[in-house]
Structure formats: C-alpha cells, structure tokens
Amino acid sequence: MKIPCRPLATLFALAPLAAAQAQSSVTIYGIVDQGITRANGGTTPGALLNGRAAPEVWTMKAGNTSRIGFRGQEDLGDGNYTRFQIEHRFAMDTGASSNANVFWLGRSVVALGSKAWGELYAGREYSAAYTVALNADPTYWSYVSQTGAAYTYANYTPVPNTVEASNIRWSNSVGYKTPSLGPVSAEIATGLGEGARKRSTSANLQFRQGPWWLAGAYDGLDGDNHLKLLAAGYDFGVVRPTATWSRARGGVNGDARAFTVSALVPLSFGRTYLSIGSLRPDDGPDARMFGAGIQYDLSKRTLLYTNLGSAKREDLTRTTAFDLGIKHTF
C-alpha cells in the first residue's frame with residue numbers, strides 16, 4: 001500500500017515536512033499470520049525441528065512470523081536512488097514483540113544505490129548467506145516443515161542470542177550489493193562488533209539463467225567460526241527441486257555438515273512442497289528430518305496452509321508436529 005509522504009510524516013513524526021516532500025514514496029507492508037500447532041512428546045529437541053512449539057499442548061503460533069514494516073525510496077535521477085526499510089516482528093495472538101530488546105528485529109537499513117553501480121547499505125540487515133539459504137527452502141524458513149537453520153545452516157549459530165538477536169541477521173552492518181552482471185550477482189557485508197563480539201563477514205555469489213539457479217555463500221567471524229553454503233535449483237515448470245550443502249565450524253553449536261533436498265510443485269489453487277534434511281555433527285549423533293506442506297490461495301494476498309514436520313536424532317525418540325493457519329500479506 002503506497003501513501004503520500006506528507007501525511008505519513010505528519011502522522012508518525014518521522015521527519016520534518018521538508019524532508020518528507022523529497023521522498024518519492026513510502027510503503028507500509030506486512031504479514032498477519034495466525035495458526036494453531038501441536039507436537040508430540042518426542043525427545044528430539046525443537047532446535048532440530050524448526051518451527052515446533054512446546055510438546056503435547058495446543059499452541060497458537062504463526063507459521064510465518066507476523067510483522068509490520070515501512071520502506072521508502074527516492075529517485076535521485078540518472079538511475080540513482082536512496083531507500084530505507086524498517087521492520088518490526090510480533091506475535092499476533094498476544095501482540096508481544098518477537099524480541100523484547102530489538103524493536104526493529106526484521107530490518108532497519110538505509111541505502112544509496114545505482115542501477116549501474118549497485119547498492120551500498122548500512123544498518124541491521126540479513127546476512128548475505130541467509131539470502132541464499134532462504135531461496136533454497138520452498139517454505140522460506142516458515143512452518144514446521146521448514147529445513148531452516150538446523151539443516152540449511154548446519155545448525156550454525158555464530159554467537160549467543162544475548163549478544164546478537166538472530167543468527168541470520170547482523171546489527172551494525174555495512175554492505176554492498178552488485179547490480180546484475182548478466183546472470184551473475186554478488187553481495188558482501190561486514191557487521192561491526194563494537195566491542196560486544198568479533199566483526200562478522202558475510203558474502204554470496206549467485207548465478208541465475210533461464211531455469212538454473214546456482215549459489216555459494218559464507219558467513220563467519222574468523223577461521224574457526226564460520227559457515228560455508230552451496231545451493232542449486234532448476235525450475236522444470238511443473239516442479240522446482242533445490243538442494244543445499246553446508247559446513248559449519250565453531251560457533252555456539254560446534255562443527256557440523258548438513259544437506260537438504262526439496263521440491264516445490266505449483267498447483268492450480270496454490271502449491272505443495274516436500275523437503276528432507278540431514279545434520280551430521282562432527283562430535284555427536286546425526287539427525288534427519290522430513291517436512292511436507294500445502295497452501296491454498298484464497299486470493300493474491302490471503303492463503304490457508306497446513307504442514308507436517310518430523311525429525312529424529314539417532315539417540316532420541318522422534319518428534320513430529322503439524323500446523324494449520326491463515327496468512328494475509330499487505
């Protein structure tokens with residue numbers, strides 16, 4: 001939804017009126033998602049079945065985290081622009097913030113860009129590696145059927161969540177995104193530690209041509225704490241399979257390897273998807289998961305979904321969960 005900048009600036013006191021007049025547009029966007037989920041009492045932990053809620057209790061939980069965001073862009077002429085984006089995450093059933101300490105948990109970034117030369121940005125932004133991981137999972141890291149961090153990221157968590165609120169975003173980031181150079185694009189970023197942690201580095205390189213998608217990514221603090229990720233996909237039209245291989249070293253959860261294979265099938269009324277994943281820690285028992293789901297599109301903005309996910313670590317009993325819900329985007 002696009003609205004004139006003058007009322008937005010007046011209503012929210014985001015900036016002086018003179019500055020607001022210079023902006024081309026501001027967009028309010030978001031997701032409102034509410035579902036219900038239940039998991040059995042299997043002893044395989046929830047960290048190995050991303051999206052699972054507490055066991056053996058009916059829980060209201062979003063399949064895809066609810067959010068509200070604001071983004072704006074100003075045309076500077078000759079293909080140049082500035083933009084900003086801020087995004088808040090919250091629980092729909094209670095109204096509580098997803099993180100009590102970070103209000104703009106999703107993103108808070110400002111950028112200066114050019115169609116010819118790419119974009120330089122600063123603020124809180126996705127890791128360049130997460131951009132690749134997100135596109136490799138047909139659920140986009142949503143629902144109980146997701147491959148998510150445990151399998152797409154090889155359970156890599158660089159620092160405790162008391163230091164950094166998310167393992168897929170970096171605060172205090174400065175980054176650069178290239179323009180599309182034919183079928184190739186790239187991104188590199190650094191997250192300044194500012195004394196709380198080591199400085200992070202993330203990067204990706206992607207190739208898109210016709211039905212092919214190939215990508216490689218890196219996220220790390222140093223030689224002993226980092227993630228390497230390779231991904232590939234091919235769109236046959238009737239089905240789009242993807243696969244990933246990842247290698248984690250160090251971090252909170254230690255060294256591990258992981259791989260995933262997924263398939264997305266478009267349907268006349270929506271889509272269905274299937275994923276399997278394997279996590280192989282260097283020190284510890286292996287874990288495997290499978291997930292499946294289906295979505296029914298009521299309109300371009302509203303859909304119904306249901307998913308099943310199941311995971312088992314070799315020394316523990318199987319954990320299985322399902323969800324059912326509705327999601328509206330605006």
# chains A, B, ... in the order shown; residues from 1 in each chain; ligands from 1
$ closest_atom_pairs --of "region 26-112 of chain A" --to "region 286-298 of chain A" --cutoff "12 Å" --atoms "only C-alpha atoms" --output "JSON lines"
{"residue": "A:Thr44", "atom": "CA", "partner": "A:Ala287", "partner_atom": "CA", "distance": 8.7}
{"residue": "A:Pro45", "atom": "CA", "partner": "A:Ala287", "partner_atom": "CA", "distance": 10.4}
{"residue": "A:Gly46", "atom": "CA", "partner": "A:Met289", "partner_atom": "CA", "distance": 11.6}
{"residue": "A:Ala47", "atom": "CA", "partner": "A:Ala287", "partner_atom": "CA", "distance": 10.8}
{"residue": "A:Leu48", "atom": "CA", "partner": "A:Ala287", "partner_atom": "CA", "distance": 7.4}
{"residue": "A:Leu49", "atom": "CA", "partner": "A:Met289", "partner_atom": "CA", "distance": 7.3}
{"residue": "A:Asn50", "atom": "CA", "partner": "A:Met289", "partner_atom": "CA", "distance": 10.0}
{"residue": "A:Gly51", "atom": "CA", "partner": "A:Gly291", "partner_atom": "CA", "distance": 11.2}
{"residue": "A:Arg52", "atom": "CA", "partner": "A:Gly291", "partner_atom": "CA", "distance": 11.8}
{"residue": "A:Gly63", "atom": "CA", "partner": "A:Gly293", "partner_atom": "CA", "distance": 11.3}
$ closest_residue --among "A:Asn101, A:Thr59, A:Asn155, A:Ser200" --to "Ser127 (chain A)" --atoms "only C-alpha atoms"
A:Ser200
$ closest_residue --among "A:Ser310, A:Asn225, A:Ser278, A:Thr201" --to "Ala128 (chain A)" --atoms "only C-alpha atoms"
A:Thr201
$ select_by_dssp --residues "region 142-327 of chain A" --states "strand (DSSP E or B)" --output "PyMOL selection string"
chain A and resi 169-177+181+184-191+200-209+212-222+225-234+240-249+256-267+270-281+287-297+302-313+319-327
